[in-house]
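Novice: There's a structure below that I have some questions on.
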Protein chains: 2
Amino acid sequence: MSSDDPVLNSLRDSIDNLDAALIHILAERFKITQQVGAHKAQVGMPAADRTRESEQIARLRRLASDANLDEEFSEKILKFISSEVIRHHERIAEGQ
Amino acid sequence: MSSDDPVLNSLRDSIDNLDAALIHILAERFKITQQVGAHKAQVGMPAADRTRESEQIARLRRLASDANLDEEFSEKILKFISSEVIRHHERIAEGQ
């Protein structure tokens, strides 16, 4: 349902386009983290890797800063995604 | 720092590429939601819009389902992003 405000409708259309892009990138990211999880379970590596996680957060904070995105927000969202990924990995490892 | 596992390194490189894409899309999304926030504050609309939010969640669940992404995860992440956006809008409205 559209509002009767053309400015708001146009901005919301752009948000909807970007959200579709986010969903598809997240879907591809999960496909890859599932491969990581399966590989780790196969070779007996633990699901979580704190060193890798710290490096990812530092890198994303730099990228977020370059893109003028709130660094704290980008770190929170990465931690949220990572915690989901680790839960998936643990489930894969338990299934081995 | 790379691991000494070439399979893992290759998968992690792909994750890093996708994370950079996510950050840039989120940065663009925030640029637009800031415009929404400014517009809402200017015309005196409330920051939150439950109808719009429900429609977004329903749409994203469909997109996530088509992309084989966990629907519950996509809903959780949208709510997380939306709560950040609403906080931003409220700050913009307070500043008027």
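Naming works like this for the structure tokens: A, B, ... for the chains as they're shown, residue 1 at the start of each chain, ligands 1 onward in shown order.
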Could I get chain A fitted onto chain B (least squares, all C-alpha atoms, in order) as a short mmCIF file (atom, residue, chain, number, x, y, z; two decimals) with C-alpha atoms, in the first residue's frame?
Specialist:
```
data_model
loop_
_atom_site.label_atom_id
_atom_site.label_comp_id
_atom_site.auth_asym_id
_atom_site.auth_seq_id
_atom_site.Cartn_x
_atom_site.Cartn_y
_atom_site.Cartn_z
CA MET A 1 45.59 -13.02 8.49
CA SER A 2 44.89 -16.09 6.31
CA SER A 3 44.56 -19.59 7.64
CA ASP A 4 46.77 -22.27 6.02
CA ASP A 5 43.65 -23.96 4.60
CA PRO A 6 43.16 -22.94 0.94
CA VAL A 7 39.50 -24.05 0.85
CA LEU A 8 38.69 -21.98 3.93
CA ASN A 9 40.67 -18.98 2.62
CA SER A 10 38.79 -18.99 -0.69
CA LEU A 11 35.40 -19.17 1.04
CA ARG A 12 36.41 -16.39 3.43
CA ASP A 13 37.47 -14.17 0.51
CA SER A 14 33.97 -14.55 -0.93
CA ILE A 15 32.41 -13.70 2.45
CA ASP A 16 34.61 -10.59 2.66
CA ASN A 17 33.49 -9.49 -0.82
CA LEU A 18 29.82 -9.95 0.08
CA ASP A 19 30.29 -8.12 3.40
CA ALA A 20 31.74 -5.13 1.54
CA ALA A 21 28.66 -5.16 -0.72
CA LEU A 22 26.37 -5.37 2.34
CA ILE A 23 28.09 -2.39 3.98
CA HIS A 24 27.74 -0.25 0.86
CA ILE A 25 24.08 -1.15 0.36
CA LEU A 26 23.38 -0.44 4.05
CA ALA A 27 25.17 2.92 3.70
CA GLU A 28 22.95 3.82 0.74
CA ARG A 29 19.85 2.58 2.62
CA PHE A 30 20.73 4.83 5.58
CA LYS A 31 21.20 7.82 3.29
CA ILE A 32 17.64 7.27 2.06
CA THR A 33 16.11 6.58 5.47
CA GLN A 34 17.72 9.82 6.67
CA GLN A 35 15.84 11.60 3.87
CA VAL A 36 12.65 9.80 4.97
CA GLY A 37 13.29 10.90 8.56
CA ALA A 38 13.89 14.52 7.54
CA HIS A 39 10.77 14.50 5.35
CA LYS A 40 8.59 12.96 8.07
CA ALA A 41 9.85 15.48 10.62
CA GLN A 42 9.19 18.34 8.17
CA VAL A 43 5.59 17.32 7.41
CA GLY A 44 4.91 16.19 10.98
CA MET A 45 4.53 12.44 10.39
CA PRO A 46 5.47 10.04 13.23
CA ALA A 47 8.84 8.25 12.93
CA ALA A 48 7.34 4.75 13.11
CA ASP A 49 4.71 3.41 10.70
CA ARG A 50 3.47 -0.03 11.76
CA THR A 51 1.50 -0.61 8.54
CA ARG A 52 4.53 0.06 6.35
CA GLU A 53 6.67 -2.08 8.65
CA SER A 54 4.28 -5.06 8.41
CA GLU A 55 4.21 -4.74 4.63
CA GLN A 56 8.01 -4.64 4.48
CA ILE A 57 8.30 -7.75 6.65
CA ALA A 58 5.76 -9.67 4.56
CA ARG A 59 7.55 -8.68 1.35
CA LEU A 60 11.00 -9.56 2.69
CA ARG A 61 9.75 -12.94 3.90
CA ARG A 62 8.58 -13.67 0.34
CA LEU A 63 11.89 -12.51 -1.14
CA ALA A 64 13.84 -14.53 1.45
CA SER A 65 11.77 -17.61 0.69
CA ASP A 66 12.44 -17.22 -3.06
CA ALA A 67 16.17 -16.85 -2.33
CA ASN A 68 16.22 -19.87 0.05
CA LEU A 69 17.20 -17.60 2.93
CA ASP A 70 15.84 -18.44 6.36
CA GLU A 71 12.66 -16.34 6.62
CA GLU A 72 12.90 -15.95 10.37
CA PHE A 73 16.46 -14.65 10.05
CA SER A 74 15.48 -12.13 7.35
CA GLU A 75 12.62 -10.88 9.53
CA LYS A 76 14.91 -10.53 12.56
CA ILE A 77 17.52 -8.62 10.59
CA LEU A 78 14.93 -6.27 9.08
CA LYS A 79 13.54 -5.54 12.56
CA PHE A 80 17.07 -4.85 13.79
CA ILE A 81 17.76 -2.44 10.90
CA SER A 82 14.33 -0.81 11.30
CA SER A 83 14.80 -0.22 15.01
CA GLU A 84 18.07 1.58 14.23
CA VAL A 85 16.31 3.64 11.55
CA ILE A 86 13.47 4.60 13.91
CA ARG A 87 16.01 5.72 16.51
CA HIS A 88 17.65 7.90 13.84
CA HIS A 89 14.25 9.36 12.81
CA GLU A 90 13.39 10.17 16.41
CA ARG A 91 16.70 11.96 16.82
CA ILE A 92 16.03 13.97 13.61
CA ALA A 93 12.48 14.83 14.80
CA GLU A 94 13.79 15.94 18.20
CA GLY A 95 16.25 18.24 16.47
CA GLN A 96 13.50 20.11 14.56
#
```
